[in-house]
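Report on the following structure.
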Amino acid sequence: MKKRIAFKTLGCRLNIFETDALVSQFRNAGYKIVDFNKEADAYIVNTCTVTNQSDKKSRQETGKASRTNSDAVLVVTGCMATNHKETLEKEDRITYVVDNEQKSDIFHLLDSHFKGEIISSADLKPDRFGFDTVEEGLHTRSLIKVQDGCNNYCTFCIVPFVRGKAVSRPWKDIGKNIREVLDNGFKEIVITGVNIGRYDADGMDFENLIEKVLAIPGDFRVRISSIEPEGFGDKLFNLFSHPKLTPHLHLCIQSGSDKILMKMRRTYTVDGFRQMVNKIRQRIPGFNFTTDLMVGFPGETEEDFQLSLKAAEEFGFSHVHTFKYSIRKGTRAERMPDQVPEKIKTQRSAIVREIAEKNKRKYRSSFIGKTQKVLVEKIENGFASGYGEHYVPIKFKANEKTRTNGFSLVKIIDIEKGEDMELIGEVL
């Protein structure tokens, strides 16, 4: 009987890529991949630790797995596993704790376990780029890991401590990876990493990397994952005129106050961010910007918060990932004075979300009457759904030519009234 493996991923797109790669590896070896809420022989929880809430959610998922089948093997990996390794290893319900450096070797660990071989997580080899090519993961688009780690050490951020120093993947490996996933039928690739704008391998920077990716032949499109507003300039802006490169960036602003950005140890100003946004939108009107915005950083006054609100409205982000500052042990911000009360953080995040929802509806409504090239992710009850090139969700009535993981040209005719704000279209 095939052993059943279930996965749960929390946090960033890098975690999503790494889970998808592990899924392919287990599936190719004959294991059965099952839903995380179903009974399995092993559960792998790929955790996040960027905030206190992330830690809480990660612990909830490990608890859910042990309650579903207390006899199953439970593997906890990802950033929380690295950040709280000693504590997690003391929990009887957890079989193995695997940090980020060794995550790519989880298949070897579990496969050996089921064969009765004695092995520990300490025996796994460290290789941050040791993941197999995704053949069939849990998602329609394929993420391509080009970089890991970060050297910025922003004062609030735990990521450099749990992901390690910045390291970039050589182009020959990236190019090979992309050609393989295209051969596997993927139509969209997403360039991802921890701080991809700082990509630097074999004398190639991030802009040159994207240029080489776009030169690969084939009917596919390229999306850039979350990126810091640094390490690139006009060359990247001009590349967005290429038909394969989607007009969307998740460009992280974090705060609309230069004073707070400086305390965060960010390497840009609000005006510098503004210049980037304006340059791209001058080239491509309607370009979709999404962002991260933190509230309640130590010393954030009401005036600083109002500057963040002003920035959210000015830049018209179609989505704002709003999160409250969380004390991360070992970071500089942990020791800063003027910590903002939790109640005020909650109030401020609610105000940001209200503005963000208004921006989202305004931006998405602007597509009514326009066309989008939709990559179909699923077809249910006669309706297809997926994302257009601007990374907006679209639903339309499928016809005989509509295929999952295929492109459909769709005219937008309406927008849903509810919270999802999915665009409604019709096939051209």
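FYI, nothing fancy with the structure tokens labels: chains A, B, ... in order, residues from 1 per chain, ligands from 1 as they appear.
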
- Task: Please provide the set of residues having any atom within 7 Å of Leu423 of chain A, restricted to only C-alpha atoms, with same-chain residues fewer than 2 positions apart removed, written as a PyMOL selection string.
- Result: chain A and resi 393-395+412+414-416+421+425

Selected residues, N, CA and C atoms, written as a compact mmCIF listing (two decimals), in the first residue's frame, please.
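part_19.txt, freshly written:
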# COMPACT_ATOMS: atom_id res chain seq x y z
N PRO A 393 -7.78 38.15 -10.14
CA PRO A 393 -8.56 36.91 -10.31
C PRO A 393 -9.76 37.13 -11.22
N ILE A 394 -9.97 36.21 -12.15
CA ILE A 394 -11.02 36.35 -13.16
C ILE A 394 -11.78 35.03 -13.30
N LYS A 395 -13.11 35.14 -13.40
CA LYS A 395 -13.96 33.96 -13.60
C LYS A 395 -14.79 34.17 -14.87
N ILE A 412 -13.53 41.62 -19.76
CA ILE A 412 -14.08 41.82 -18.41
C ILE A 412 -15.39 42.60 -18.53
N ASP A 414 -17.75 42.63 -15.56
CA ASP A 414 -18.31 43.00 -14.25
C ASP A 414 -17.32 42.63 -13.16
N ILE A 415 -17.66 43.01 -11.92
CA ILE A 415 -16.87 42.66 -10.75
C ILE A 415 -17.82 42.20 -9.65
N GLU A 416 -17.42 41.14 -8.93
CA GLU A 416 -18.26 40.63 -7.86
C GLU A 416 -18.44 41.68 -6.76
N MET A 421 -14.12 40.22 -4.70
CA MET A 421 -13.98 41.16 -5.81
C MET A 421 -13.40 40.49 -7.07
N GLY A 425 -15.82 37.71 -16.54
CA GLY A 425 -15.51 37.95 -17.95
C GLY A 425 -16.24 37.01 -18.88

Which segment 224-264 of chain A residues have any atom within 12 Å of an atom of segment 368-386 of chain A, and for each, what is the nearest pair of atoms with distance in Å to one decimal, counting only C-alpha atoms, rows sorted by chain and number, as a tab-separated table?
residue	atom	partner	partner_atom	distance
A:Pro243	CA	A:Lys373	CA	11.2
A:Lys244	CA	A:Lys373	CA	11.4
A:Thr246	CA	A:Lys373	CA	10.4
A:Pro247	CA	A:Gln372	CA	11.6

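In this comparison, which uses only C-alpha atoms, the residue of A:Ser54, A:Asn151, A:Thr402, A:Thr95 approaching Leu74 of chain A most closely is A:Thr95.
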
Exercise: Lys3 of chain A partners within 9 Å, only C-alpha atoms, chain neighbours under 5 positions left out, as a PDB file with C-alpha atoms, in the first residue's frame:
ATOM      1  CA  GLY A  30       5.406   6.342  -5.693  1.00  0.00           C
ATOM      2  CA  TYR A  31       4.044   8.038  -2.591  1.00  0.00           C
ATOM      3  CA  LYS A  32       0.423   9.182  -2.544  1.00  0.00           C
ATOM      4  CA  ILE A  33      -0.146  12.898  -1.894  1.00  0.00           C
ATOM      5  CA  ALA A  40      -1.863  10.375   6.245  1.00  0.00           C
ATOM      6  CA  ASP A  41       1.214   8.360   7.156  1.00  0.00           C
ATOM      7  CA  ALA A  42       3.344  11.503   7.291  1.00  0.00           C
ATOM      8  CA  PHE A 114       9.689   4.177   6.082  1.00  0.00           C
TER       9      PHE A 114
END

- Val76 of chain A: which residues within 12 Å, counting only C-alpha atoms, same-chain residues fewer than 6 positions away excluded, as a PyMOL selection string? chain A and resi 7-10+42-48+58-63+65-66+82-85+87-89+91+93-100+102-103+106+121

How about saving the chosen residues, C-alpha atoms kept, as a PDB file, in the first residue's frame?
ATOM      1  CA  PHE A   7       1.751  18.951   3.143  1.00  0.00           C
ATOM      2  CA  LYS A   8       0.926  22.309   4.721  1.00  0.00           C
ATOM      3  CA  THR A   9       2.715  25.485   3.674  1.00  0.00           C
ATOM      4  CA  LEU A  10       2.698  28.794   5.528  1.00  0.00           C
ATOM      5  CA  ALA A  42       3.344  11.503   7.291  1.00  0.00           C
ATOM      6  CA  TYR A  43       2.640  15.214   7.598  1.00  0.00           C
ATOM      7  CA  ILE A  44       5.134  17.871   6.514  1.00  0.00           C
ATOM      8  CA  VAL A  45       4.483  21.369   7.864  1.00  0.00           C
ATOM      9  CA  ASN A  46       6.556  24.068   6.132  1.00  0.00           C
ATOM     10  CA  THR A  47       6.410  26.899   8.672  1.00  0.00           C
ATOM     11  CA  CYS A  48       6.822  30.670   8.836  1.00  0.00           C
ATOM     12  CA  SER A  58       2.445  27.218  12.349  1.00  0.00           C
ATOM     13  CA  ARG A  59       1.884  25.650  15.763  1.00  0.00           C
ATOM     14  CA  GLN A  60      -1.835  25.299  15.053  1.00  0.00           C
ATOM     15  CA  GLU A  61      -1.111  23.338  11.891  1.00  0.00           C
ATOM     16  CA  THR A  62       1.322  20.984  13.624  1.00  0.00           C
ATOM     17  CA  GLY A  63      -1.328  20.399  16.277  1.00  0.00           C
ATOM     18  CA  ALA A  65      -1.742  17.098  11.989  1.00  0.00           C
ATOM     19  CA  SER A  66      -1.059  15.254  15.246  1.00  0.00           C
ATOM     20  CA  THR A  82      15.074  27.033  12.371  1.00  0.00           C
ATOM     21  CA  ASN A  83      14.109  29.798  14.806  1.00  0.00           C
ATOM     22  CA  HIS A  84      12.713  27.515  17.532  1.00  0.00           C
ATOM     23  CA  LYS A  85      14.507  24.245  16.767  1.00  0.00           C
ATOM     24  CA  THR A  87      11.996  23.943  21.683  1.00  0.00           C
ATOM     25  CA  LEU A  88      10.305  21.974  18.903  1.00  0.00           C
ATOM     26  CA  GLU A  89      12.674  19.031  19.265  1.00  0.00           C
ATOM     27  CA  GLU A  91       7.866  18.007  21.731  1.00  0.00           C
ATOM     28  CA  ARG A  93       4.414  14.687  18.910  1.00  0.00           C
ATOM     29  CA  ILE A  94       7.037  15.991  16.445  1.00  0.00           C
ATOM     30  CA  THR A  95       9.141  13.261  14.837  1.00  0.00           C
ATOM     31  CA  TYR A  96      11.678  15.406  12.989  1.00  0.00           C
ATOM     32  CA  VAL A  97      12.604  19.101  13.003  1.00  0.00           C
ATOM     33  CA  VAL A  98      14.388  20.106   9.788  1.00  0.00           C
ATOM     34  CA  ASP A  99      15.831  23.588   9.323  1.00  0.00           C
ATOM     35  CA  ASN A 100      15.890  25.532   6.065  1.00  0.00           C
ATOM     36  CA  GLN A 102      18.464  20.855   5.063  1.00  0.00           C
ATOM     37  CA  LYS A 103      14.881  21.142   3.793  1.00  0.00           C
ATOM     38  CA  ILE A 106      13.416  15.762   3.549  1.00  0.00           C
ATOM     39  CA  SER A 121      17.691  15.353  10.736  1.00  0.00           C
TER      40      SER A 121
END

- What gap, in Å, lies between atom CA of Ile216 of chain A and atom CA of Ala29 of chain A?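 We find that atom CA of Ile216 of chain A and atom CA of Ala29 of chain A lie 29.8 Å from each other.
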
Extract, using only C-alpha atoms, all DNA, RNA and protein residues at most 12 Å from Ser255 of chain A, discarding same-chain residues fewer than 6 positions from it, and format them as a PDB file with N, CA and C atoms, in the first residue's frame.
ATOM      1  N   LEU A 261      11.308  54.413   8.134  1.00  0.00           N
ATOM      2  CA  LEU A 261      12.118  53.615   7.210  1.00  0.00           C
ATOM      3  C   LEU A 261      13.583  53.604   7.646  1.00  0.00           C
ATOM      4  N   MET A 262      14.056  54.740   8.122  1.00  0.00           N
ATOM      5  CA  MET A 262      15.435  54.819   8.594  1.00  0.00           C
ATOM      6  C   MET A 262      15.630  53.965   9.855  1.00  0.00           C
ATOM      7  N   LYS A 263      14.651  54.013  10.761  1.00  0.00           N
ATOM      8  CA  LYS A 263      14.737  53.198  11.976  1.00  0.00           C
ATOM      9  C   LYS A 263      14.647  51.711  11.644  1.00  0.00           C
ATOM     10  N   MET A 264      13.919  51.390  10.586  1.00  0.00           N
ATOM     11  CA  MET A 264      13.825  49.999  10.131  1.00  0.00           C
ATOM     12  C   MET A 264      15.111  49.533   9.456  1.00  0.00           C
ATOM     13  N   ARG A 265      15.957  50.487   9.095  1.00  0.00           N
ATOM     14  CA  ARG A 265      17.192  50.228   8.343  1.00  0.00           C
ATOM     15  C   ARG A 265      16.886  49.808   6.902  1.00  0.00           C
ATOM     16  N   ARG A 266      15.833  50.419   6.353  1.00  0.00           N
ATOM     17  CA  ARG A 266      15.528  50.218   4.944  1.00  0.00           C
ATOM     18  C   ARG A 266      16.463  51.110   4.122  1.00  0.00           C
ATOM     19  N   TYR A 268      15.931  52.859   1.241  1.00  0.00           N
ATOM     20  CA  TYR A 268      15.298  53.745   0.274  1.00  0.00           C
ATOM     21  C   TYR A 268      14.457  54.766   1.036  1.00  0.00           C
ATOM     22  N   THR A 269      14.014  55.789   0.333  1.00  0.00           N
ATOM     23  CA  THR A 269      13.110  56.787   0.897  1.00  0.00           C
ATOM     24  C   THR A 269      11.752  56.666   0.200  1.00  0.00           C
ATOM     25  N   VAL A 270      10.759  57.329   0.743  1.00  0.00           N
ATOM     26  CA  VAL A 270       9.440  57.316   0.122  1.00  0.00           C
ATOM     27  C   VAL A 270       9.511  57.953  -1.264  1.00  0.00           C
ATOM     28  N   ASP A 271      10.306  59.011  -1.395  1.00  0.00           N
ATOM     29  CA  ASP A 271      10.422  59.666  -2.700  1.00  0.00           C
ATOM     30  C   ASP A 271      11.107  58.743  -3.709  1.00  0.00           C
ATOM     31  N   PHE A 273      10.923  55.515  -3.690  1.00  0.00           N
ATOM     32  CA  PHE A 273       9.875  54.543  -4.022  1.00  0.00           C
ATOM     33  C   PHE A 273       8.913  55.151  -5.046  1.00  0.00           C
ATOM     34  N   THR A 291       1.777  45.502  -2.192  1.00  0.00           N
ATOM     35  CA  THR A 291       2.849  45.843  -1.256  1.00  0.00           C
ATOM     36  C   THR A 291       2.651  45.222   0.121  1.00  0.00           C
ATOM     37  N   ASP A 292       3.669  45.356   0.958  1.00  0.00           N
ATOM     38  CA  ASP A 292       3.606  45.054   2.390  1.00  0.00           C
ATOM     39  C   ASP A 292       3.671  46.374   3.143  1.00  0.00           C
ATOM     40  N   LEU A 293       2.868  46.496   4.182  1.00  0.00           N
ATOM     41  CA  LEU A 293       2.898  47.703   5.002  1.00  0.00           C
ATOM     42  C   LEU A 293       2.769  47.315   6.473  1.00  0.00           C
ATOM     43  N   MET A 294       3.746  47.715   7.267  1.00  0.00           N
ATOM     44  CA  MET A 294       3.773  47.395   8.686  1.00  0.00           C
ATOM     45  C   MET A 294       3.226  48.568   9.501  1.00  0.00           C
ATOM     46  N   VAL A 295       2.434  48.246  10.517  1.00  0.00           N
ATOM     47  CA  VAL A 295       1.967  49.282  11.441  1.00  0.00           C
ATOM     48  C   VAL A 295       2.494  48.968  12.845  1.00  0.00           C
ATOM     49  N   GLY A 296       2.704  50.030  13.614  1.00  0.00           N
ATOM     50  CA  GLY A 296       3.101  49.855  15.012  1.00  0.00           C
ATOM     51  C   GLY A 296       4.570  49.580  15.231  1.00  0.00           C
ATOM     52  N   PHE A 297       5.434  49.956  14.263  1.00  0.00           N
ATOM     53  CA  PHE A 297       6.868  49.817  14.503  1.00  0.00           C
ATOM     54  C   PHE A 297       7.255  50.723  15.679  1.00  0.00           C
ATOM     55  N   GLU A 300       6.577  54.635  16.082  1.00  0.00           N
ATOM     56  CA  GLU A 300       5.656  55.127  15.051  1.00  0.00           C
ATOM     57  C   GLU A 300       4.599  56.015  15.709  1.00  0.00           C
ATOM     58  N   THR A 301       4.629  57.294  15.389  1.00  0.00           N
ATOM     59  CA  THR A 301       3.663  58.248  15.933  1.00  0.00           C
ATOM     60  C   THR A 301       2.425  58.287  15.057  1.00  0.00           C
ATOM     61  N   GLU A 303       1.512  60.810  13.419  1.00  0.00           N
ATOM     62  CA  GLU A 303       1.951  61.508  12.203  1.00  0.00           C
ATOM     63  C   GLU A 303       2.606  60.533  11.222  1.00  0.00           C
ATOM     64  N   ASP A 304       3.446  59.638  11.742  1.00  0.00           N
ATOM     65  CA  ASP A 304       4.078  58.632  10.885  1.00  0.00           C
ATOM     66  C   ASP A 304       3.022  57.725  10.254  1.00  0.00           C
ATOM     67  N   PHE A 305       2.053  57.332  11.057  1.00  0.00           N
ATOM     68  CA  PHE A 305       0.997  56.453  10.552  1.00  0.00           C
ATOM     69  C   PHE A 305       0.197  57.145   9.457  1.00  0.00           C
ATOM     70  N   GLN A 306      -0.105  58.428   9.619  1.00  0.00           N
ATOM     71  CA  GLN A 306      -0.848  59.160   8.600  1.00  0.00           C
ATOM     72  C   GLN A 306      -0.066  59.232   7.291  1.00  0.00           C
ATOM     73  N   LEU A 307       1.269  59.297   7.391  1.00  0.00           N
ATOM     74  CA  LEU A 307       2.096  59.285   6.183  1.00  0.00           C
ATOM     75  C   LEU A 307       1.983  57.939   5.461  1.00  0.00           C
ATOM     76  N   SER A 308       1.861  56.850   6.226  1.00  0.00           N
ATOM     77  CA  SER A 308       1.665  55.534   5.615  1.00  0.00           C
ATOM     78  C   SER A 308       0.313  55.458   4.900  1.00  0.00           C
ATOM     79  N   LEU A 309      -0.719  56.021   5.533  1.00  0.00           N
ATOM     80  CA  LEU A 309      -2.038  56.047   4.898  1.00  0.00           C
ATOM     81  C   LEU A 309      -2.001  56.864   3.605  1.00  0.00           C
ATOM     82  N   LYS A 310      -1.300  57.979   3.671  1.00  0.00           N
ATOM     83  CA  LYS A 310      -1.169  58.840   2.494  1.00  0.00           C
ATOM     84  C   LYS A 310      -0.481  58.087   1.359  1.00  0.00           C
ATOM     85  N   ALA A 311       0.576  57.333   1.699  1.00  0.00           N
ATOM     86  CA  ALA A 311       1.298  56.562   0.678  1.00  0.00           C
ATOM     87  C   ALA A 311       0.407  55.479   0.082  1.00  0.00           C
ATOM     88  N   ALA A 312      -0.375  54.795   0.931  1.00  0.00           N
ATOM     89  CA  ALA A 312      -1.262  53.736   0.448  1.00  0.00           C
ATOM     90  C   ALA A 312      -2.269  54.280  -0.564  1.00  0.00           C
ATOM     91  N   VAL A 320      -2.786  45.379  -0.242  1.00  0.00           N
ATOM     92  CA  VAL A 320      -1.816  45.732   0.797  1.00  0.00           C
ATOM     93  C   VAL A 320      -1.806  44.623   1.842  1.00  0.00           C
ATOM     94  N   HIS A 321      -0.671  43.940   1.941  1.00  0.00           N
ATOM     95  CA  HIS A 321      -0.512  42.959   3.010  1.00  0.00           C
ATOM     96  C   HIS A 321      -0.135  43.735   4.274  1.00  0.00           C
ATOM     97  N   THR A 322      -1.125  43.970   5.106  1.00  0.00           N
ATOM     98  CA  THR A 322      -0.935  44.776   6.318  1.00  0.00           C
ATOM     99  C   THR A 322      -0.644  43.858   7.495  1.00  0.00           C
ATOM    100  N   PHE A 323       0.387  44.170   8.240  1.00  0.00           N
ATOM    101  CA  PHE A 323       0.671  43.360   9.418  1.00  0.00           C
ATOM    102  C   PHE A 323       1.216  44.226  10.548  1.00  0.00           C
ATOM    103  N   LYS A 324       0.904  43.793  11.757  1.00  0.00           N
ATOM    104  CA  LYS A 324       1.339  44.513  12.951  1.00  0.00           C
ATOM    105  C   LYS A 324       2.774  44.111  13.286  1.00  0.00           C
ATOM    106  N   TYR A 325       3.567  45.101  13.711  1.00  0.00           N
ATOM    107  CA  TYR A 325       4.930  44.804  14.123  1.00  0.00           C
ATOM    108  C   TYR A 325       4.925  43.790  15.267  1.00  0.00           C
ATOM    109  N   VAL A 352      -5.845  50.711   7.753  1.00  0.00           N
ATOM    110  CA  VAL A 352      -5.129  50.426   6.502  1.00  0.00           C
ATOM    111  C   VAL A 352      -5.927  49.459   5.637  1.00  0.00           C
TER     112      VAL A 352
END

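Of the listed residues A:Val167, A:Glu302, A:Arg4, A:Ile280, the one whose atoms come nearest to Gln347 of chain A is A:Glu302, with distances taken using only C-alpha atoms.
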
- Between atom CA of Lys187 of chain A and atom CA of Asp219 of chain A, what is the spacing in Å?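 Distance between the two atoms: 6.9 Å.
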
Which of segment 228-405 of chain A fall in strand (DSSP E or B), as a PDB file with C-alpha atoms, in the first residue's frame:
ATOM      1  CA  LEU A 245       6.850  39.799 -18.491  1.00  0.00           C
ATOM      2  CA  HIS A 248       2.745  43.356 -11.764  1.00  0.00           C
ATOM      3  CA  LEU A 249       5.186  43.831  -8.875  1.00  0.00           C
ATOM      4  CA  HIS A 250       4.772  43.189  -5.172  1.00  0.00           C
ATOM      5  CA  LEU A 251       7.035  46.088  -4.189  1.00  0.00           C
ATOM      6  CA  GLN A 254       6.731  48.853   4.765  1.00  0.00           C
ATOM      7  CA  ASN A 288      -0.402  46.608 -10.837  1.00  0.00           C
ATOM      8  CA  PHE A 289       1.507  47.367  -7.650  1.00  0.00           C
ATOM      9  CA  THR A 290       0.878  45.408  -4.458  1.00  0.00           C
ATOM     10  CA  THR A 291       2.849  45.843  -1.256  1.00  0.00           C
ATOM     11  CA  ASP A 292       3.606  45.054   2.390  1.00  0.00           C
ATOM     12  CA  LEU A 293       2.898  47.703   5.002  1.00  0.00           C
ATOM     13  CA  MET A 294       3.773  47.395   8.686  1.00  0.00           C
ATOM     14  CA  VAL A 295       1.967  49.282  11.441  1.00  0.00           C
ATOM     15  CA  HIS A 319      -3.521  44.837  -2.476  1.00  0.00           C
ATOM     16  CA  VAL A 320      -1.816  45.732   0.797  1.00  0.00           C
ATOM     17  CA  HIS A 321      -0.512  42.959   3.010  1.00  0.00           C
ATOM     18  CA  THR A 322      -0.935  44.776   6.318  1.00  0.00           C
ATOM     19  CA  PHE A 323       0.671  43.360   9.418  1.00  0.00           C
ATOM     20  CA  LYS A 324       1.339  44.513  12.951  1.00  0.00           C
ATOM     21  CA  THR A 371      -9.343  42.248 -22.062  1.00  0.00           C
ATOM     22  CA  GLN A 372      -7.084  39.974 -20.028  1.00  0.00           C
ATOM     23  CA  LYS A 373      -5.108  36.888 -20.961  1.00  0.00           C
ATOM     24  CA  VAL A 374      -6.164  34.428 -18.265  1.00  0.00           C
ATOM     25  CA  LEU A 375      -4.160  31.388 -17.232  1.00  0.00           C
ATOM     26  CA  VAL A 376      -6.907  28.943 -16.268  1.00  0.00           C
ATOM     27  CA  GLU A 377      -6.296  27.287 -12.907  1.00  0.00           C
ATOM     28  CA  LYS A 378      -9.518  25.302 -12.535  1.00  0.00           C
ATOM     29  CA  ILE A 379     -12.855  24.585 -14.200  1.00  0.00           C
ATOM     30  CA  GLU A 380     -15.840  23.874 -11.957  1.00  0.00           C
ATOM     31  CA  PHE A 383     -16.949  28.138 -15.033  1.00  0.00           C
ATOM     32  CA  ALA A 384     -13.216  28.653 -15.448  1.00  0.00           C
ATOM     33  CA  SER A 385     -11.116  30.767 -13.098  1.00  0.00           C
ATOM     34  CA  GLY A 386      -7.554  31.978 -13.020  1.00  0.00           C
ATOM     35  CA  TYR A 387      -5.415  35.105 -13.102  1.00  0.00           C
ATOM     36  CA  PRO A 393      -8.556  36.908 -10.315  1.00  0.00           C
ATOM     37  CA  ILE A 394     -11.020  36.353 -13.159  1.00  0.00           C
ATOM     38  CA  LYS A 395     -13.964  33.963 -13.602  1.00  0.00           C
ATOM     39  CA  PHE A 396     -15.748  33.230 -16.873  1.00  0.00           C
ATOM     40  CA  LYS A 397     -18.021  30.665 -18.501  1.00  0.00           C
TER      41      LYS A 397
END

- Excluding Gly316 of chain A and any residue of its chain fewer than 2 positions from it, enumerate the residues within 8 Å of it, using only C-alpha atoms, and give them as a VMD selection string. chain A and resid 289 312 to 314 318 359 363

- Query: segment 268-428 of chain A: which residues are alpha helix (DSSP H) by DSSP, as an NGL selection string?
  - Reply: :A and (270-283 or 302-315 or 342-365)

- Task: Tell me which protein, DNA and RNA residues are within 12 Å of Val134 of chain A, counting only C-alpha atoms, leaving out same-chain ones fewer than 2 positions away, and put them as number ranges by chain.
- Result: A: 16-28, 131-132, 136-145, 177-186, 189

- Message: Using only C-alpha atoms, can you tell me which of A:Thr49, A:Ala6, A:Ser112, A:Leu239 comes closest to Thr68 of chain A?
- Response: A:Ala6
